[in-house]
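Working notes, structure below.
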Amino acid sequence: MGNGTPPNRVELLRKLEAEALNCRRCGLHLGRKKVVFGSGSPNPKLVMVGEAPGVNEDLQGLPFVGAAGKFLDSLLESIGLHRSEVYITNTIKCRPPGNRTPSPEEIEACRPFLEKQMKILMPKLVVALGRTAATTLLGKGVNITSEHGRFIGCKFGGTSFRLFLTYHPAAALYSARNRSKLQEDFSKLGEIVRTSSLERDPPQP
Ligand code: URA
């Protein structure tokens with residue numbers, strides 16, 4: 001810890017994760033191997049939100065550890081960040097069978113976990129990786145093709161932050177065009193990361 005991390009954040013995240021590990025609020029608990037709660041810094045420069053765990057994440061219990069995750073690591077590196085400096089999680093914490101898009105009911109059942117993560121982490125900047133995260137966080141439909149690369153004010157479950165919209169890194173794996181769009185978006189993001197103070201001031205006593 002140290003480095004100005006509010007002292008109870010680690011403990012609050014640990015408690016919330018313990019709750020998620022026992023969650024049976026939707027049918028996905030029946031098929032999961034591991035719950036993928038989220039990982040990274042408790043005092044992050046930014047929070048990244050993906051869609052849902054895939055096969056590798058389900059096996060390891062960690063977000064973005066497969067091919068899309070490797071690409072995400074390289075995008076972070078391109079803006080001078082390591083995943084240990086950010087916090088990475090998903091819209092839903094358990095793998096949908098066959099990696100299908102999560103249903104609205106699954107997203108709704110899992111929403112309190114994401115809301116509480118945001119409340120604990122209090123990020124100034126959040127990155128929505130793809131449509132599912134963007135739509136869930138903004139509470140309205142988002143067209144990533146036309147809206148990627150934008151910063152939007154967002155209030156999610158009582159926590160306010162700037163939301164940056166971009167493609168899901170998996171979209172880059174089979175499309176060079178999407179890959180360059182993501183790289184361009186990240187260079188925009190990097191500029192904000194370099195020029196803004198992104199850690200919240202600690203609460204005043
Ligand atoms: N895709 C996601 O949205 N999240 C992961 O953790 C892995 C792949």
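Naming scheme: A, B, ... for chains in displayed order of the structure tokens; residues 1 onward per chain; ligands 1 onward as shown.
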
Notebook entry, point to check: Could you pull out all residues of range 56-132 of chain A with a DSSP call of strand (DSSP E or B) and give them as a list in words?
Noted result: Tyr87, Ile88, Thr89, Asn90, Leu125, Val126, Val127, Ala128 and Leu129 of chain A

Note to self: At a cut-off of 9 Å around ligand 1, and using only C-alpha atoms and all ligand atoms, what residues come up? Please write them as a PyMOL selection string.
What the structure shows: chain A and resi 36+38+49-58+62-69+88-93+95+99+129-130+132-133+168-170

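The gap separating CA of Val86 in chain A from CA of Ile107 in chain A is 22.9 Å, in Å to one decimal.
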
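For the choices A:Lys34, A:Arg83, A:Arg100, A:Lys181, the atom-to-atom distance to Glu147 in chain A is smallest for A:Lys181 when using only C-alpha atoms.
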
Residues of range 7-105 of chain A that approach range 121-124 of chain A to 8 Å or less, counting only C-alpha atoms: could you list each one with the shortest pair of atoms and its distance in Å to one decimal, rows by chain and increasing residue number, as CSV?
residue,atom,partner,partner_atom,distance
A:Arg9,CA,A:Leu121,CA,7.2
A:Pro42,CA,A:Leu121,CA,6.4
A:Asn43,CA,A:Leu121,CA,6.6
A:Pro44,CA,A:Pro123,CA,7.0
A:Lys45,CA,A:Pro123,CA,7.4
A:Leu46,CA,A:Pro123,CA,6.0
A:Val47,CA,A:Pro123,CA,6.5

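Restricting the calculation to only C-alpha atoms, the smallest distance between Leu72 in chain A and any of A:Leu189, A:Ala172, A:Leu13, A:Leu21 is found for A:Ala172.
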
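For the pair CA of Leu163 in chain A and CA of Leu138 in chain A, the separation is 8.7 Å.
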
Next item on the list: Taking the chain letters and numbering used in this document, name the residues of range 2-180 of chain A that DSSP puts in helix (DSSP H, G or I), as a ChimeraX atom specification.
Entry: /A:9-21,27-30,55-60,67-78,83-85,97-99,104-121,131-138,144-147,169-172,176-180

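Distances to Leu125 in chain A were evaluated for A:Leu198, A:Ala18, A:Cys26, A:Leu173 using only C-alpha atoms, and the minimum falls at A:Leu198.
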
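Our summary of the geometry notes that CA of Thr136 in chain A is positioned 10.9 Å from CA of Cys154 in chain A.
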
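The environment of Glu105 in chain A within 10 Å, counting only C-alpha atoms and disregarding residues fewer than 5 places along the same chain, consists of Arg25, Cys26, Gly27, Cys110 and Arg111 of chain A.
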
Next item on the list: Using only C-alpha atoms, pick whichever of A:Asn22, A:Ser187, A:Thr159, A:Ser146 has the shortest atom-to-atom distance to Cys94 in chain A.
Entry: A:Asn22

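Checking A:Ile192, A:Ile120, A:Leu76, A:Leu16 one by one against Gly157 in chain A, counting only C-alpha atoms, you find the shortest gap at A:Ile120.
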
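Proximity of A:Ser175, A:Ser84, A:Gln117, A:Thr166 to Ala134 in chain A, computed with only C-alpha atoms, is greatest for A:Thr166.
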
Note to self: Please list as an MDAnalysis selection string every residue within 9 Å of Arg194 in chain A, counting only C-alpha atoms and excluding residues in the same chain fewer than 3 positions away.
What the structure shows: chainID A and resid 79:80 189:191 197

Deliver the residues from the most recent selection as a file, using all heavy atoms, as a compact mmCIF listing (two decimals), in the first residue's frame.
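The result, written out as selection33.txt:
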# COMPACT_ATOMS: atom_id res chain seq x y z
N ILE A 79 1.47 4.14 -23.76
CA ILE A 79 1.22 5.44 -23.10
C ILE A 79 1.95 5.50 -21.75
O ILE A 79 1.59 6.27 -20.86
CB ILE A 79 -0.29 5.77 -22.97
CG1 ILE A 79 -1.05 4.69 -22.18
CG2 ILE A 79 -0.91 5.93 -24.34
CD1 ILE A 79 -2.47 5.12 -21.78
N GLY A 80 2.94 4.65 -21.62
CA GLY A 80 3.80 4.71 -20.44
C GLY A 80 3.19 4.15 -19.18
O GLY A 80 3.59 4.50 -18.08
N LEU A 189 -5.64 9.20 -25.25
CA LEU A 189 -5.75 8.91 -23.82
C LEU A 189 -4.44 9.22 -23.12
O LEU A 189 -4.42 9.79 -22.03
CB LEU A 189 -6.11 7.42 -23.66
CG LEU A 189 -6.28 6.87 -22.26
CD1 LEU A 189 -7.46 7.52 -21.55
CD2 LEU A 189 -6.50 5.34 -22.30
N GLY A 190 -3.33 8.86 -23.78
CA GLY A 190 -2.00 9.09 -23.20
C GLY A 190 -1.74 10.56 -22.93
O GLY A 190 -1.11 10.92 -21.93
N GLU A 191 -2.26 11.40 -23.81
CA GLU A 191 -2.06 12.84 -23.64
C GLU A 191 -2.73 13.31 -22.35
O GLU A 191 -2.15 14.09 -21.58
CB GLU A 191 -2.69 13.55 -24.83
CG GLU A 191 -1.98 14.81 -25.21
CD GLU A 191 -2.53 15.30 -26.53
OE1 GLU A 191 -2.40 14.57 -27.54
OE2 GLU A 191 -3.10 16.41 -26.54
N SER A 197 -3.77 15.45 -13.45
CA SER A 197 -3.52 14.75 -12.20
C SER A 197 -4.71 13.82 -12.00
O SER A 197 -5.84 14.24 -11.85
CB SER A 197 -3.42 15.78 -11.08
OG SER A 197 -3.92 15.23 -9.90
